[in-house]
Amino acid sequence: MQSEKPGKALLAGDEFSKIPDVLPVLPVRDTVALPGIPVSLLVRRARSLEALKMAVHNTSTYLLVARQRDPRTENPTLEDLAPVACVVRITQLITTQNLNQEICQAQMVGLLRARIGAARGDADEALQVEVELCPEDETPSAESAAARARVIELAKRLIDLRDDLLAEQKDQLEKLPTASLLADTFAVHMPMSNEDRIELLCETDSTRRLWKLVTVLEREITIAREYNLLRRQDAEEEVVDPRQRERLLRRRMREIQKELHESDAGEHEVDELAERLGALELPEEARSHVDRELRRFRALPSHASDRHLQRTWLEWVADLPWSEETEDQLDIKATRAVLDEDHHDLDKVKERILEYLSVRKLAPDVRAPILCFAGPPGVGKTSLGRSIARAMGRRFARVSLGGVRDEAEIRGHRRTYVGALPGRILQSLCRVGARNPVFLLDEVDKIGADALHGDASSALLEVLDPEQNSRFSDHYLEIPFNLSKVLFIATANTLGAIAPALLDRMDVIELPGYSDHDKRIIARRHLIPKQLADHGLEAGQLRVDDATIERVVHEYTREAGVRNLDRLFATLMRKVAAHIVANPDCAPLQVDADFARQALGPPPHLPEVAERSTLPGVVVGLASTANGGDILFIEALAAPGGKGVRLRLTGQLGEVMRESAEAALSWVRANAATLAPGAPVLEAGELHLHVPAGAIPKDGPSAGIAMATALVSVLSGRRARGEVAMTGELSLRGLVLPVGGIKEKVLAAARAGIKRVLIPRRNQKDLVEIPTEILDQVEIVPIETVEEAIGAALESN
């Protein structure tokens, strides 16, 4: 027994000191006993009846009432009880017999809180525990007074809102003497779940209990207001949004079920989905469709086989960004600064983006353009899309279309298929969470076609058509979704592989490639800092001079982009890292031309001019490929003899290129009297045209004048000048017709060391796209006839 203990308002005289240190425990399933509150319990369990008897005979009617953590536990142990319980005094016991079972009706009153300690006594008897009493500190304080005033204010407001609470209760609020009694009285008489009551019981500080009670009262006031609003609207027969009314009613029903512990997990799942869908700003057509599907989902039993299919469909609808969008960054100068920071050159692309933002600033509802970046690999098409998103302040989504053959990848599968999902377009919008991202359709020229699964490129027509994509319909959702806010950017290596109808819907911007000057700038500003960071190096640990960069660019790369150049600098940085680790005191390391040659090996590319033959019949032509511009050698050989003139073509030439060779031979034979007088092969013999790199398919009309010049060279015995390259289509009248890819071809000639390039005169308009430093390096000679090409390309006899 304890000798001295502080007083307690709820206990009479020295009753506090009479409470034993060890008390029998009465576990309860769904009741919470609180100090100062009478409680009536119907006791049936054998160990609980034993605890009542033990309290009456051994502890002067004192008992510890503890709440079980799980009401389903039949014989709770110490671990199954809440850590804080309530000491009660038994005031009345009524014992009855019902079908040979003893039942006891116990009346008791709560005295004070107590923490449950170690178990005592025999395990076969009633559970007994050591108790640590928790007397209340009722010393007045400013915080306690504020909490008390707030609770009373909210309680009066709740009494006014609820019909089941009497107005006379407001007068009794002020009469409760202590903060502790006020909190515990509210916990019993106000609507509150048992979980909330347990939380209040376990809180031993009366002021903190009052603040927790404030949170509970505020929630109940909100529920009561919504409930009264619905009642008032029903009474006055006002026109109310039925969806809002249904949401409020279901929310109230959930609160009631929660208090009664009758909540259904399936119904709770439906209500959560209904709340998410109700908060969406859906078009009217979509709203009616979603409401119909939601009603169907609600009517399905929880064990229905297609319930999860219905739930998945509703979740996809709820995840779509129907109205969420980011705010565009319309500061033109700031946007230009971001684009310039991320990418060198590419002025045409940057101007197109700035034009769109300028129009967007003047006309906020303007439709987003559909752009297509066409160019060889490594020129920065994909990274440019990310840069545009960053500059505009939009989110970025990317879908790779290379090898996609099924149109369902774009427009989704029908819901009747097992495992059906929306297409990649809507899936990506769900991931970014905005309806106006920058959306990159990567490798759009590599979409496949499959007769069995449809044409994926045709499925993109609706996506990329500004007149249709405001009502894009996915096969899975079957609800129109607005894609007009999306800034679509497609990328391709070659435009010839894109379906004409799809290409017609896009604003094509060609990225032909970089000059050596551009590559040196990109290497210094972007590639080297990136590789330093990727390899854990700092700028002060090495020095890379301009001569080394120029040598790597000129001798080790012949690409239009900078992807291979980036790999070369990665190799350099690995060598630098290994050298620094092996020799820590060598920093800063000088990365010069000798170090680069040692790290990268011998240069794989020799100047193409050095590869020309000193024999007649070899002419340098120019080609435009998916990987950018390139030079090619046209070789001609004449073998007299036999019957008639025969033409042999090798080098895996396409049909168009073969026809160009035949046209070139016809023109040469027609003008043989002036070009190659007395050549016997033109009477009887074989002419052989070969284009090296025979494993690579070649096609196109732009090698026509190069083939004619090669034939004239071999027939006349005049050598072609090795520093001259040419491009142009040949007509039977000897005219040089315009061709495409002039910029790519001139850049390729400059990379190969060509000094003079012959182009069709009608292609002079394309020279404005060529950088000035390239025009200073390469002489451009416009020609109109084959005779001009022959005169400029062949040496005199």
# chains A, B, ... in the order shown; residues from 1 in each chain; ligands from 1
>>> residues_around(residues="Pro480 in chain A", least_positions_apart="5", cutoff="7 Å", atoms="only C-alpha atoms", output="NGL selection string")
:A and (471-473)
>>> write_last_selection(atoms="C-alpha atoms", output="mmCIF file, in the first residue's frame")
data_model
loop_
_atom_site.group_PDB
_atom_site.id
_atom_site.type_symbol
_atom_site.label_atom_id
_atom_site.label_comp_id
_atom_site.auth_asym_id
_atom_site.auth_seq_id
_atom_site.Cartn_x
_atom_site.Cartn_y
_atom_site.Cartn_z
ATOM 1 C CA ARG A 471 -11.199 15.150 -79.120
ATOM 2 C CA PHE A 472 -8.684 12.310 -79.178
ATOM 3 C CA SER A 473 -10.393 8.999 -78.417
#
>>> select_by_dssp(residues="range 607-727 of chain A", states="alpha helix (DSSP H)", output="MDAnalysis selection string")
chainID A and resid 655:670 672:675 704:716
>>> write_last_selection(atoms="N, CA, C and O atoms", output="compact mmCIF listing (two decimals), in the first residue's frame")
# COMPACT_ATOMS: atom_id res chain seq x y z
N GLU A 655 17.41 1.53 -107.86
CA GLU A 655 16.83 1.67 -109.18
C GLU A 655 17.01 3.08 -109.73
O GLU A 655 17.32 3.27 -110.91
N VAL A 656 16.81 4.09 -108.89
CA VAL A 656 16.93 5.47 -109.37
C VAL A 656 18.37 5.76 -109.77
O VAL A 656 18.63 6.41 -110.80
N MET A 657 19.33 5.26 -109.00
CA MET A 657 20.73 5.51 -109.31
C MET A 657 21.15 4.78 -110.59
O MET A 657 21.96 5.28 -111.39
N ARG A 658 20.59 3.59 -110.85
CA ARG A 658 20.88 2.87 -112.08
C ARG A 658 20.35 3.63 -113.29
O ARG A 658 21.01 3.72 -114.33
N GLU A 659 19.16 4.20 -113.14
CA GLU A 659 18.61 4.98 -114.25
C GLU A 659 19.45 6.23 -114.51
O GLU A 659 19.62 6.65 -115.67
N SER A 660 20.00 6.84 -113.44
CA SER A 660 20.89 7.99 -113.62
C SER A 660 22.13 7.58 -114.41
O SER A 660 22.63 8.34 -115.28
N ALA A 661 22.68 6.38 -114.13
CA ALA A 661 23.86 5.90 -114.85
C ALA A 661 23.54 5.69 -116.33
O ALA A 661 24.34 6.01 -117.22
N GLU A 662 22.36 5.13 -116.63
CA GLU A 662 21.98 4.92 -118.02
C GLU A 662 21.79 6.25 -118.74
O GLU A 662 22.17 6.41 -119.92
N ALA A 663 21.20 7.23 -118.04
CA ALA A 663 21.05 8.55 -118.64
C ALA A 663 22.41 9.19 -118.90
O ALA A 663 22.62 9.85 -119.94
N ALA A 664 23.33 9.02 -117.96
CA ALA A 664 24.68 9.58 -118.15
C ALA A 664 25.36 8.95 -119.36
O ALA A 664 26.01 9.63 -120.18
N LEU A 665 25.24 7.62 -119.55
CA LEU A 665 25.85 6.95 -120.69
C LEU A 665 25.23 7.42 -122.00
O LEU A 665 25.94 7.66 -123.00
N SER A 666 23.93 7.59 -122.00
CA SER A 666 23.26 8.06 -123.23
C SER A 666 23.75 9.44 -123.61
O SER A 666 24.01 9.73 -124.79
N TRP A 667 23.88 10.30 -122.61
CA TRP A 667 24.33 11.66 -122.93
C TRP A 667 25.78 11.64 -123.42
O TRP A 667 26.13 12.36 -124.36
N VAL A 668 26.63 10.83 -122.79
CA VAL A 668 28.03 10.76 -123.20
C VAL A 668 28.14 10.23 -124.63
O VAL A 668 28.91 10.76 -125.46
N ARG A 669 27.37 9.20 -124.97
CA ARG A 669 27.44 8.65 -126.33
C ARG A 669 26.94 9.67 -127.35
O ARG A 669 27.48 9.78 -128.45
N ALA A 670 25.92 10.46 -126.95
CA ALA A 670 25.39 11.45 -127.88
C ALA A 670 26.38 12.59 -128.12
O ALA A 670 26.34 13.24 -129.18
N ALA A 672 29.82 12.20 -127.78
CA ALA A 672 31.16 11.60 -127.80
C ALA A 672 32.09 12.29 -128.78
O ALA A 672 33.31 12.33 -128.57
N ALA A 673 31.55 12.87 -129.83
CA ALA A 673 32.41 13.48 -130.84
C ALA A 673 33.23 14.63 -130.28
O ALA A 673 34.37 14.87 -130.69
N THR A 674 32.67 15.36 -129.32
CA THR A 674 33.40 16.48 -128.74
C THR A 674 34.07 16.12 -127.42
O THR A 674 35.09 16.71 -127.04
N LEU A 675 33.51 15.12 -126.69
CA LEU A 675 34.04 14.79 -125.37
C LEU A 675 35.18 13.76 -125.45
O LEU A 675 36.19 13.91 -124.75
N GLY A 704 24.13 11.88 -110.73
CA GLY A 704 24.07 11.85 -112.19
C GLY A 704 25.24 12.53 -112.86
O GLY A 704 25.90 11.95 -113.74
N ILE A 705 25.57 13.77 -112.46
CA ILE A 705 26.67 14.47 -113.13
C ILE A 705 28.01 13.85 -112.76
O ILE A 705 28.96 13.88 -113.56
N ALA A 706 28.13 13.28 -111.54
CA ALA A 706 29.37 12.62 -111.16
C ALA A 706 29.61 11.39 -112.02
O ALA A 706 30.75 11.10 -112.44
N MET A 707 28.55 10.63 -112.35
CA MET A 707 28.69 9.46 -113.21
C MET A 707 29.07 9.87 -114.63
O MET A 707 29.94 9.25 -115.27
N ALA A 708 28.41 10.92 -115.13
CA ALA A 708 28.76 11.39 -116.48
C ALA A 708 30.20 11.88 -116.54
O ALA A 708 30.93 11.59 -117.50
N THR A 709 30.64 12.59 -115.52
CA THR A 709 32.01 13.09 -115.49
C THR A 709 33.00 11.94 -115.40
O THR A 709 34.07 11.96 -116.05
N ALA A 710 32.69 10.89 -114.63
CA ALA A 710 33.58 9.73 -114.52
C ALA A 710 33.70 9.02 -115.86
O ALA A 710 34.79 8.57 -116.25
N LEU A 711 32.57 8.90 -116.60
CA LEU A 711 32.62 8.25 -117.92
C LEU A 711 33.47 9.07 -118.90
O LEU A 711 34.29 8.51 -119.65
N VAL A 712 33.28 10.40 -118.89
CA VAL A 712 34.07 11.24 -119.78
C VAL A 712 35.55 11.15 -119.41
O VAL A 712 36.45 11.10 -120.28
N SER A 713 35.85 11.07 -118.09
CA SER A 713 37.23 10.99 -117.63
C SER A 713 37.91 9.72 -118.14
O SER A 713 39.03 9.75 -118.65
N VAL A 714 37.24 8.57 -118.02
CA VAL A 714 37.87 7.32 -118.42
C VAL A 714 37.96 7.20 -119.93
O VAL A 714 38.90 6.60 -120.48
N LEU A 715 36.99 7.78 -120.66
CA LEU A 715 37.01 7.70 -122.13
C LEU A 715 38.02 8.65 -122.75
O LEU A 715 38.64 8.34 -123.76
N SER A 716 38.18 9.82 -122.12
CA SER A 716 39.09 10.82 -122.68
C SER A 716 40.50 10.73 -122.11
O SER A 716 41.42 11.37 -122.63
>>> residues_around(residues="Leu637 in chain A", least_positions_apart="5", cutoff="7 Å", atoms="only C-alpha atoms", output="PyMOL selection string")
chain A and resi 617+687-689+714
>>> residues_around(residues="range 388-400 of chain A", least_positions_apart="5", cutoff="7 Å", atoms="only C-alpha atoms", output="PyMOL selection string")
chain A and resi 326-329+335+338-339+428+432+437-443
>>> residues_around(residues="Cys104 in chain A", least_positions_apart="6", cutoff="8 Å", atoms="only C-alpha atoms", output="JSON, numbers by chain")
{"A": [42, 43, 44, 49, 93, 94, 95, 96]}
>>> write_last_selection(atoms="N, CA and C atoms", output="PDB file, in the first residue's frame")
ATOM      1  N   LEU A  42     -21.966  -5.298 -18.735  1.00  0.00           N
ATOM      2  CA  LEU A  42     -22.532  -6.638 -18.635  1.00  0.00           C
ATOM      3  C   LEU A  42     -21.386  -7.627 -18.822  1.00  0.00           C
ATOM      4  N   VAL A  43     -21.029  -8.373 -17.784  1.00  0.00           N
ATOM      5  CA  VAL A  43     -19.841  -9.212 -17.764  1.00  0.00           C
ATOM      6  C   VAL A  43     -20.252 -10.667 -17.913  1.00  0.00           C
ATOM      7  N   ARG A  44     -19.607 -11.371 -18.898  1.00  0.00           N
ATOM      8  CA  ARG A  44     -19.943 -12.769 -19.146  1.00  0.00           C
ATOM      9  C   ARG A  44     -18.722 -13.681 -19.048  1.00  0.00           C
ATOM     10  N   LEU A  49     -15.423 -12.271 -14.734  1.00  0.00           N
ATOM     11  CA  LEU A  49     -16.239 -12.466 -13.531  1.00  0.00           C
ATOM     12  C   LEU A  49     -15.335 -12.679 -12.313  1.00  0.00           C
ATOM     13  N   LEU A  93     -23.419  -4.600  -7.932  1.00  0.00           N
ATOM     14  CA  LEU A  93     -23.288  -5.825  -8.689  1.00  0.00           C
ATOM     15  C   LEU A  93     -24.591  -6.593  -8.636  1.00  0.00           C
ATOM     16  N   ILE A  94     -25.093  -7.027  -9.797  1.00  0.00           N
ATOM     17  CA  ILE A  94     -26.312  -7.839  -9.870  1.00  0.00           C
ATOM     18  C   ILE A  94     -25.952  -9.084 -10.665  1.00  0.00           C
ATOM     19  N   THR A  95     -26.010 -10.251 -10.006  1.00  0.00           N
ATOM     20  CA  THR A  95     -25.615 -11.504 -10.639  1.00  0.00           C
ATOM     21  C   THR A  95     -26.859 -12.309 -10.969  1.00  0.00           C
ATOM     22  N   THR A  96     -26.931 -12.869 -12.189  1.00  0.00           N
ATOM     23  CA  THR A  96     -28.049 -13.701 -12.640  1.00  0.00           C
ATOM     24  C   THR A  96     -27.488 -14.933 -13.320  1.00  0.00           C
TER      25      THR A  96
END
>>> residues_around(residues="Ala420 in chain A", least_positions_apart="6", cutoff="12 Å", atoms="only C-alpha atoms", output="NGL selection string")
:A and (309-310 or 312-313 or 316 or 408-409 or 411-414 or 474-477)
>>> residues_around(residues="Glu218 in chain A", least_positions_apart="4", cutoff="8 Å", atoms="only C-alpha atoms", output="PyMOL selection string")
chain A and resi 154+214+222
>>> closest_atom_pairs(of="range 62-166 of chain A", to="range 17-36 of chain A", cutoff="7 Å", atoms="only C-alpha atoms", output="CSV")
residue,atom,partner,partner_atom,distance
A:Tyr62,CA,A:Ile19,CA,6.9
A:Leu63,CA,A:Pro24,CA,5.8
A:Leu64,CA,A:Val25,CA,4.8
A:Val65,CA,A:Leu26,CA,4.9
A:Ala66,CA,A:Pro27,CA,5.0
A:Arg67,CA,A:Val28,CA,5.1
A:Gln68,CA,A:Arg29,CA,5.6
A:Pro71,CA,A:Arg29,CA,4.6
A:Cys86,CA,A:Ala33,CA,6.0
A:Val109,CA,A:Gly36,CA,6.4
A:Gly110,CA,A:Pro35,CA,4.1
A:Leu111,CA,A:Pro35,CA,4.5
A:Leu112,CA,A:Pro35,CA,4.8
A:Arg113,CA,A:Pro35,CA,6.8
A:Ala126,CA,A:Pro24,CA,6.6
A:Leu127,CA,A:Val25,CA,5.5
A:Gln128,CA,A:Pro24,CA,4.2
A:Val129,CA,A:Val22,CA,5.5
A:Glu130,CA,A:Val22,CA,4.4
A:Val131,CA,A:Asp21,CA,5.7
>>> atom_distance(atom1="CA of Arg45 in chain A", atom2="CA of Asp122 in chain A")
17.4 Å
>>> atom_distance(atom1="CA of Gly378 in chain A", atom2="CA of Arg563 in chain A")
4.7 Å
>>> closest_residue(among="A:Glu138, A:Asp163, A:Glu729, A:Glu559", to="Pro377 in chain A", atoms="only C-alpha atoms")
A:Glu559
>>> closest_residue(among="A:Gly278, A:Gly628, A:Gly402, A:Pro321", to="Ala374 in chain A", atoms="only C-alpha atoms")
A:Gly628
